[in-house]
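Step one of this worksheet: look at the structure below.
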Amino acid sequence: MTRVAVLIPTLRRPAQLEAAIRSVMAQTGPLGQPDEMVVSDNDPDGSARATVEAIRCQAPFPIKYVHVPTPGISTARNAALATTEAELIAFLDDDEIASPGWLSALRHSQAQLGAEVVFGPIQGRAPGADEADRAYLERFFGRAGPQTDTLIPAPFGCGNSLFVRARTLVGPTPFDLSADQSGGEDDALFQVLRQQGVRWGWSAGAWVEEAAPPHRARLSYAMARAFAFGQGPAQTAAREGNWLGVGRWMVIGAGQFVVFGATAAVQWLIGGAHKADWTDRAVRGLGKMFWMKPFEPQFYGLAELKRTQRSG
């Protein structure tokens with residue numbers, strides 16, 4: 001029998017973590033319950049231990065707690081992987097709540113499609129956002145895809161995904177440690193997997209909800225993330241040593257910044273309903289131009305730890 005583990009990396013989000021764990025405990029369907037869960041606590045103080053200990057006895061499956069005191073998203077993911085021997089690995093972020101049929105849908109889709117990595121849709125929520133920005137932010141934090149299960153040409157992010165471990169998560173550090181602070185660790189992994197001919201799948205019924213916390217439910221945060229997303233293609237080409245590709249992406253980015261930036265400026269002047277969307281596109285173009293490490297925003301690890309210390 002193929003074993004499946006749900007992995008949740010976390011950093012100082014006790015309420016969100018508990019909600020995420022309980023959503024996995026409430027899974028239904030013939031393939032709904034995991035064989036185990038691993039919570040990877042990336043807080044040097046080990047603050048998630050109390051949450052896990054309080055809820056562990058209520059779970060219908062074992063919950064393993066691993067303390068990862070060195071802040072970094074790749075380090076947290078790799079440590080969680082090292083704690084389980086399960087053949088199927090499902091990733092759920094600590095700010096995501098899985099629908100009752102989530103895991104069953106992911107597993108069914110993987111078996112039917114024969115894909116090595118399967119992704120599901122995300123319903124974005126931005127409850128603390130300004131009303132004028134909420135629609136854009138909920139699209140930004142969400143994920144849309146085909147209406148039916150199918151193979152897809154390109155991957156999404158790690159949150160809400162299922163991996164066939166033997167084909168995709170090989171070795172002690174499959175997630176690139178150089179992405180510990182900036183994120184994009186999944187992009188670096190997917191670059192390698194793409195070269196190996198891995199197939200990507202979409203599970204239309206594997207819904208999760210992701211609610212952006214107040215410090216993220218802002219245009220400034222979304223634009224910083226958009227800039228980082230824009231950096232991705234040029235950074236991928238640079239890792240491959242494809243400098244012609246890097247140059248091509250920089251030229252494309254310049255064009256996007258000029259065209260989309262001009263459209264965004266007009267939208268802001270007239271108060272257009274889609275001004276944030278056009279600004280997002282322009283900023284992604286800017287990211288393609290300035291893809292180098294010194295311009296890379298920091299969202300995870302030490303940056304998140306410092307933010308929580310300031311807010312505390």
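Ligands are numbered from 1 in the order shown, chains are lettered A, B, ... in the order of the structure tokens, and residues start at 1 in each chain.
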Segment 42-52 of chain A environment, 6 Å, only C-alpha atoms, sequence neighbours closer than 3 positions dropped, as a list in words: Thr10, Leu11, Ile55, Arg56, Val68, Pro69 and Pro71 of chain A
List every residue of segment 47-131 of chain A that has an atom at most 6 Å from any atom of segment 161-175 of chain A, and for each one report the closest atom pair and its distance in Å to one decimal, counting only C-alpha atoms, with rows sorted by chain and then by increasing residue number, as JSON lines.
```
{"residue": "A:Ser74", "atom": "CA", "partner": "A:Phe175", "partner_atom": "CA", "distance": 5.3}
{"residue": "A:Asn78", "atom": "CA", "partner": "A:Thr173", "partner_atom": "CA", "distance": 5.6}
{"residue": "A:Glu87", "atom": "CA", "partner": "A:Arg165", "partner_atom": "CA", "distance": 5.4}
{"residue": "A:Leu88", "atom": "CA", "partner": "A:Val164", "partner_atom": "CA", "distance": 5.0}
{"residue": "A:Ile89", "atom": "CA", "partner": "A:Phe163", "partner_atom": "CA", "distance": 5.1}
{"residue": "A:Ala90", "atom": "CA", "partner": "A:Leu162", "partner_atom": "CA", "distance": 4.3}
{"residue": "A:Phe91", "atom": "CA", "partner": "A:Ser161", "partner_atom": "CA", "distance": 5.4}
{"residue": "A:Glu116", "atom": "CA", "partner": "A:Val164", "partner_atom": "CA", "distance": 5.1}
{"residue": "A:Val117", "atom": "CA", "partner": "A:Phe163", "partner_atom": "CA", "distance": 4.6}
{"residue": "A:Val118", "atom": "CA", "partner": "A:Leu162", "partner_atom": "CA", "distance": 5.1}
{"residue": "A:Phe119", "atom": "CA", "partner": "A:Ser161", "partner_atom": "CA", "distance": 4.5}
```
Once you count only C-alpha atoms, what closest atom pair and distance in Å to one decimal does each residue of segment 29-102 of chain A within 12 Å of segment 124-147 of chain A have, with rows by chain and rising residue number, as JSON lines?
```
{"residue": "A:Asp95", "atom": "CA", "partner": "A:Arg125", "partner_atom": "CA", "distance": 10.5}
{"residue": "A:Glu96", "atom": "CA", "partner": "A:Gly124", "partner_atom": "CA", "distance": 9.4}
{"residue": "A:Ile97", "atom": "CA", "partner": "A:Gly124", "partner_atom": "CA", "distance": 10.7}
```
Okay, now the selection with N, CA and C atoms, as a compact mmCIF listing (two decimals), in the first residue's frame?
```txt
# COMPACT_ATOMS: atom_id res chain seq x y z
N ASP A 95 -1.01 28.59 5.96
CA ASP A 95 -2.11 29.54 5.85
C ASP A 95 -3.19 29.04 4.90
N GLU A 96 -3.19 27.73 4.63
CA GLU A 96 -4.17 27.12 3.74
C GLU A 96 -5.08 26.18 4.53
N ILE A 97 -6.34 26.16 4.13
CA ILE A 97 -7.32 25.26 4.72
C ILE A 97 -7.84 24.35 3.61
```
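Across the model, the gap from atom CA of His274 of chain A to atom CA of Phe260 of chain A is 11.6 Å.
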Distance query Thr279 of chain A at most 9 Å, only C-alpha atoms, self and fewer than 4 positions along chain excluded, as a ChimeraX atom specification: /A:223,257,260-261,263-265,274-275,283-284
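Considering only C-alpha atoms, the residue among A:Phe61, A:Trp200, A:Phe190, A:Phe299 positioned nearest to Gln110 of chain A is A:Trp200.
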In segment 41-255 of chain A, DSSP strand (DSSP E or B) residues written as a PyMOL selection string: chain A and resi 41+63-67+88-91+96-98+117-119+122-125+143+150-152+161-164+200-202+208-211
Restrict the selected residues to N, CA and C atoms and save them as a compact mmCIF listing (two decimals), in the first residue's frame.
```
# COMPACT_ATOMS: atom_id res chain seq x y z
N ASP A 41 8.62 23.05 12.10
CA ASP A 41 8.57 24.32 12.81
C ASP A 41 9.86 25.10 12.59
N ILE A 63 0.96 12.58 13.98
CA ILE A 63 1.51 13.89 13.62
C ILE A 63 2.92 13.98 14.18
N LYS A 64 3.89 14.12 13.30
CA LYS A 64 5.27 14.26 13.71
C LYS A 64 5.64 15.74 13.77
N TYR A 65 6.35 16.10 14.79
CA TYR A 65 6.83 17.47 14.94
C TYR A 65 8.34 17.47 14.78
N VAL A 66 8.86 18.35 13.90
CA VAL A 66 10.30 18.49 13.75
C VAL A 66 10.66 19.96 13.91
N HIS A 67 11.59 20.24 14.82
CA HIS A 67 12.03 21.60 15.06
C HIS A 67 13.20 21.91 14.14
N LEU A 88 4.22 9.10 -1.27
CA LEU A 88 3.51 10.26 -1.81
C LEU A 88 3.60 11.39 -0.80
N ILE A 89 3.98 12.57 -1.27
CA ILE A 89 4.16 13.73 -0.39
C ILE A 89 3.20 14.84 -0.82
N ALA A 90 2.31 15.22 0.10
CA ALA A 90 1.40 16.34 -0.15
C ALA A 90 1.87 17.54 0.65
N PHE A 91 1.97 18.69 -0.01
CA PHE A 91 2.36 19.93 0.67
C PHE A 91 1.12 20.81 0.87
N GLU A 96 -3.19 27.73 4.63
CA GLU A 96 -4.17 27.12 3.74
C GLU A 96 -5.08 26.18 4.53
N ILE A 97 -6.34 26.16 4.13
CA ILE A 97 -7.32 25.26 4.72
C ILE A 97 -7.84 24.35 3.61
N ALA A 98 -7.63 23.05 3.78
CA ALA A 98 -8.02 22.09 2.75
C ALA A 98 -9.51 21.80 2.81
N VAL A 117 3.76 15.08 -10.44
CA VAL A 117 3.39 16.18 -9.53
C VAL A 117 2.01 16.66 -9.94
N VAL A 118 1.13 16.81 -8.95
CA VAL A 118 -0.24 17.26 -9.21
C VAL A 118 -0.53 18.49 -8.36
N PHE A 119 -1.21 19.46 -8.96
CA PHE A 119 -1.55 20.72 -8.28
C PHE A 119 -3.06 20.88 -8.23
N ILE A 122 -6.72 27.08 -5.73
CA ILE A 122 -6.69 27.81 -4.46
C ILE A 122 -7.69 28.96 -4.53
N GLN A 123 -8.55 29.03 -3.53
CA GLN A 123 -9.45 30.18 -3.39
C GLN A 123 -8.77 31.20 -2.50
N GLY A 124 -8.33 32.30 -3.10
CA GLY A 124 -7.66 33.33 -2.34
C GLY A 124 -8.64 34.17 -1.54
N ARG A 125 -8.23 34.55 -0.34
CA ARG A 125 -9.02 35.44 0.51
C ARG A 125 -8.11 36.55 1.03
N ARG A 143 -5.46 30.54 -7.12
CA ARG A 143 -4.89 29.78 -8.24
C ARG A 143 -6.04 29.16 -9.02
N THR A 150 -6.52 17.07 -15.72
CA THR A 150 -5.79 16.95 -16.99
C THR A 150 -4.30 17.14 -16.75
N LEU A 151 -3.48 16.67 -17.68
CA LEU A 151 -2.07 17.01 -17.67
C LEU A 151 -1.93 18.46 -18.10
N ILE A 152 -0.97 19.18 -17.54
CA ILE A 152 -0.77 20.59 -17.84
C ILE A 152 0.68 20.81 -18.29
N SER A 161 -0.16 20.67 -3.35
CA SER A 161 0.44 19.82 -4.39
C SER A 161 0.67 18.42 -3.84
N LEU A 162 0.85 17.47 -4.76
CA LEU A 162 1.15 16.09 -4.40
C LEU A 162 2.30 15.61 -5.28
N PHE A 163 3.36 15.06 -4.67
CA PHE A 163 4.55 14.62 -5.38
C PHE A 163 4.72 13.10 -5.25
N VAL A 164 5.08 12.47 -6.37
CA VAL A 164 5.55 11.09 -6.31
C VAL A 164 7.02 11.16 -5.94
N TRP A 200 3.28 17.07 -15.27
CA TRP A 200 2.52 17.87 -14.31
C TRP A 200 1.04 17.58 -14.50
N GLY A 201 0.31 17.49 -13.39
CA GLY A 201 -1.12 17.24 -13.46
C GLY A 201 -1.93 18.29 -12.72
N TRP A 202 -3.20 18.39 -13.08
CA TRP A 202 -4.12 19.33 -12.44
C TRP A 202 -5.30 18.54 -11.87
N VAL A 208 -8.24 24.21 -1.93
CA VAL A 208 -7.89 24.76 -0.63
C VAL A 208 -8.22 26.24 -0.63
N GLU A 209 -8.37 26.79 0.57
CA GLU A 209 -8.59 28.23 0.73
C GLU A 209 -7.36 28.82 1.39
N GLU A 210 -6.88 29.93 0.87
CA GLU A 210 -5.72 30.61 1.43
C GLU A 210 -6.10 32.03 1.81
N ALA A 211 -6.04 32.33 3.09
CA ALA A 211 -6.38 33.66 3.58
C ALA A 211 -5.11 34.45 3.87
```
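Proximity to Glu18 of chain A was assessed for A:Leu302, A:Val4, A:Val266, A:Ala59 counting only C-alpha atoms; the smallest distance is recorded for A:Ala59.
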DSSP alpha helix (DSSP H) selection over segment 5-238 of chain A, as a count of residues only: 89
Close residues, segment 227-241 of chain A itself excluded, 8 Å, only C-alpha atoms, min 6 positions apart in chain, as a ChimeraX atom specification: /A:184,187-188,191,249-250,283-292,296-297
Dump of all heavy atoms for the selected residues, as a short mmCIF file (atom, residue, chain, number, x, y, z; two decimals), in the first residue's frame:
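Just written: again_39.cif:
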```cif
data_model
loop_
_atom_site.label_atom_id
_atom_site.label_comp_id
_atom_site.auth_asym_id
_atom_site.auth_seq_id
_atom_site.Cartn_x
_atom_site.Cartn_y
_atom_site.Cartn_z
N GLY A 184 10.95 30.72 -4.03
CA GLY A 184 11.30 30.26 -5.37
C GLY A 184 12.01 28.92 -5.34
O GLY A 184 12.52 28.46 -6.36
N ASP A 187 10.48 26.63 -7.81
CA ASP A 187 10.85 26.90 -9.21
C ASP A 187 12.18 26.23 -9.56
O ASP A 187 12.33 25.68 -10.66
CB ASP A 187 10.96 28.41 -9.45
CG ASP A 187 9.62 29.11 -9.41
OD1 ASP A 187 8.59 28.43 -9.63
OD2 ASP A 187 9.58 30.33 -9.14
N ALA A 188 13.15 26.32 -8.65
CA ALA A 188 14.45 25.70 -8.91
C ALA A 188 14.31 24.18 -9.03
O ALA A 188 14.93 23.55 -9.90
CB ALA A 188 15.43 26.05 -7.79
N GLN A 191 12.59 23.29 -12.34
CA GLN A 191 13.50 23.42 -13.48
C GLN A 191 14.23 22.10 -13.72
O GLN A 191 14.33 21.63 -14.86
CB GLN A 191 14.52 24.52 -13.20
CG GLN A 191 15.60 24.66 -14.27
CD GLN A 191 16.72 25.58 -13.80
OE1 GLN A 191 16.59 26.30 -12.81
NE2 GLN A 191 17.83 25.57 -14.49
N TRP A 249 14.78 37.28 -22.05
CA TRP A 249 13.80 37.61 -21.02
C TRP A 249 13.93 39.07 -20.59
O TRP A 249 12.91 39.72 -20.28
CB TRP A 249 13.97 36.69 -19.82
CG TRP A 249 13.36 35.33 -20.04
CD1 TRP A 249 14.00 34.13 -20.07
CD2 TRP A 249 11.97 35.04 -20.25
NE1 TRP A 249 13.11 33.11 -20.30
CE2 TRP A 249 11.87 33.64 -20.41
CE3 TRP A 249 10.82 35.83 -20.32
CZ2 TRP A 249 10.64 33.02 -20.64
CZ3 TRP A 249 9.60 35.21 -20.55
CH2 TRP A 249 9.51 33.83 -20.70
N MET A 250 15.14 39.61 -20.58
CA MET A 250 15.31 41.02 -20.20
C MET A 250 14.66 41.94 -21.23
O MET A 250 14.04 42.94 -20.87
CB MET A 250 16.80 41.33 -20.04
CG MET A 250 17.44 40.63 -18.83
SD MET A 250 19.21 40.98 -18.65
CE MET A 250 19.15 42.69 -18.10
N VAL A 283 5.20 45.38 -13.23
CA VAL A 283 6.20 45.06 -12.21
C VAL A 283 6.86 43.71 -12.51
O VAL A 283 8.06 43.53 -12.31
CB VAL A 283 5.55 45.07 -10.81
CG1 VAL A 283 6.47 44.47 -9.78
CG2 VAL A 283 5.20 46.50 -10.42
N ARG A 284 6.08 42.76 -13.03
CA ARG A 284 6.68 41.48 -13.42
C ARG A 284 7.69 41.68 -14.56
O ARG A 284 8.72 41.02 -14.62
CB ARG A 284 5.60 40.48 -13.82
CG ARG A 284 4.76 40.03 -12.64
CD ARG A 284 3.65 39.06 -13.04
NE ARG A 284 2.69 38.91 -11.96
CZ ARG A 284 2.36 37.76 -11.37
NH1 ARG A 284 2.91 36.63 -11.80
NH2 ARG A 284 1.48 37.71 -10.39
N GLY A 285 7.38 42.60 -15.47
CA GLY A 285 8.33 42.93 -16.51
C GLY A 285 9.61 43.52 -15.94
O GLY A 285 10.72 43.19 -16.37
N LEU A 286 9.46 44.38 -14.94
CA LEU A 286 10.62 44.98 -14.29
C LEU A 286 11.47 43.90 -13.63
O LEU A 286 12.71 43.96 -13.65
CB LEU A 286 10.13 45.99 -13.25
CG LEU A 286 11.17 46.96 -12.69
CD1 LEU A 286 11.70 47.87 -13.79
CD2 LEU A 286 10.55 47.79 -11.57
N GLY A 287 10.81 42.89 -13.05
CA GLY A 287 11.55 41.80 -12.43
C GLY A 287 12.40 41.03 -13.43
O GLY A 287 13.50 40.58 -13.09
N LYS A 288 11.92 40.88 -14.65
CA LYS A 288 12.70 40.20 -15.69
C LYS A 288 13.96 40.98 -16.04
O LYS A 288 14.99 40.41 -16.39
CB LYS A 288 11.84 39.99 -16.94
CG LYS A 288 10.69 39.02 -16.77
CD LYS A 288 9.91 38.86 -18.07
CE LYS A 288 8.77 37.87 -17.93
NZ LYS A 288 7.70 38.37 -17.07
N MET A 289 13.87 42.30 -15.95
CA MET A 289 15.04 43.13 -16.24
C MET A 289 16.05 43.08 -15.11
O MET A 289 17.26 43.01 -15.34
CB MET A 289 14.58 44.57 -16.48
CG MET A 289 13.66 44.77 -17.69
SD MET A 289 12.84 46.37 -17.64
CE MET A 289 14.22 47.49 -17.67
N PHE A 290 15.56 43.12 -13.88
CA PHE A 290 16.44 43.15 -12.70
C PHE A 290 16.32 41.82 -11.95
O PHE A 290 15.84 41.76 -10.82
CB PHE A 290 16.07 44.34 -11.81
CG PHE A 290 16.30 45.67 -12.46
CD1 PHE A 290 15.27 46.32 -13.13
CD2 PHE A 290 17.56 46.26 -12.45
CE1 PHE A 290 15.48 47.54 -13.75
CE2 PHE A 290 17.78 47.48 -13.06
CZ PHE A 290 16.75 48.12 -13.72
N TRP A 291 16.78 40.77 -12.59
CA TRP A 291 16.65 39.42 -12.06
C TRP A 291 17.79 39.04 -11.11
O TRP A 291 17.73 38.01 -10.44
CB TRP A 291 16.65 38.42 -13.21
CG TRP A 291 17.89 38.55 -14.08
CD1 TRP A 291 18.04 39.33 -15.18
CD2 TRP A 291 19.13 37.86 -13.89
NE1 TRP A 291 19.32 39.20 -15.70
CE2 TRP A 291 20.01 38.29 -14.93
CE3 TRP A 291 19.59 36.93 -12.97
CZ2 TRP A 291 21.31 37.82 -15.04
CZ3 TRP A 291 20.90 36.46 -13.08
CH2 TRP A 291 21.74 36.90 -14.12
N MET A 292 18.81 39.87 -10.99
CA MET A 292 20.03 39.52 -10.27
C MET A 292 19.78 39.42 -8.75
O MET A 292 18.86 40.03 -8.21
CB MET A 292 21.12 40.55 -10.53
CG MET A 292 21.37 40.84 -12.00
SD MET A 292 20.12 41.99 -12.66
CE MET A 292 20.84 42.43 -14.23
N GLU A 296 16.80 40.75 -5.36
CA GLU A 296 15.85 39.72 -4.99
C GLU A 296 15.17 40.06 -3.66
O GLU A 296 15.84 40.17 -2.62
CB GLU A 296 16.57 38.39 -4.87
CG GLU A 296 15.69 37.17 -4.92
CD GLU A 296 16.53 35.91 -5.02
OE1 GLU A 296 17.30 35.64 -4.09
OE2 GLU A 296 16.41 35.21 -6.03
N PRO A 297 13.84 40.23 -3.63
CA PRO A 297 13.16 40.50 -2.36
C PRO A 297 13.26 39.30 -1.41
O PRO A 297 13.37 38.16 -1.85
CB PRO A 297 11.71 40.74 -2.78
CG PRO A 297 11.75 40.99 -4.25
CD PRO A 297 12.91 40.22 -4.77
#
```
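Atom pair atom CA of Gly159 of chain A / atom CA of Gly120 of chain A: separated by 8.8 Å.
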Gap from atom CA of Arg107 of chain A to atom CA of Leu92 of chain A - Å, one decimal: 14.1 Å
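Residues within 9 Å of Asp35 of chain A, counting only C-alpha atoms and excluding same-chain residues fewer than 5 positions away, are A:Arg3, A:Val4, A:Ala5, A:Val6, A:Phe61, A:Pro62, A:Ala86.
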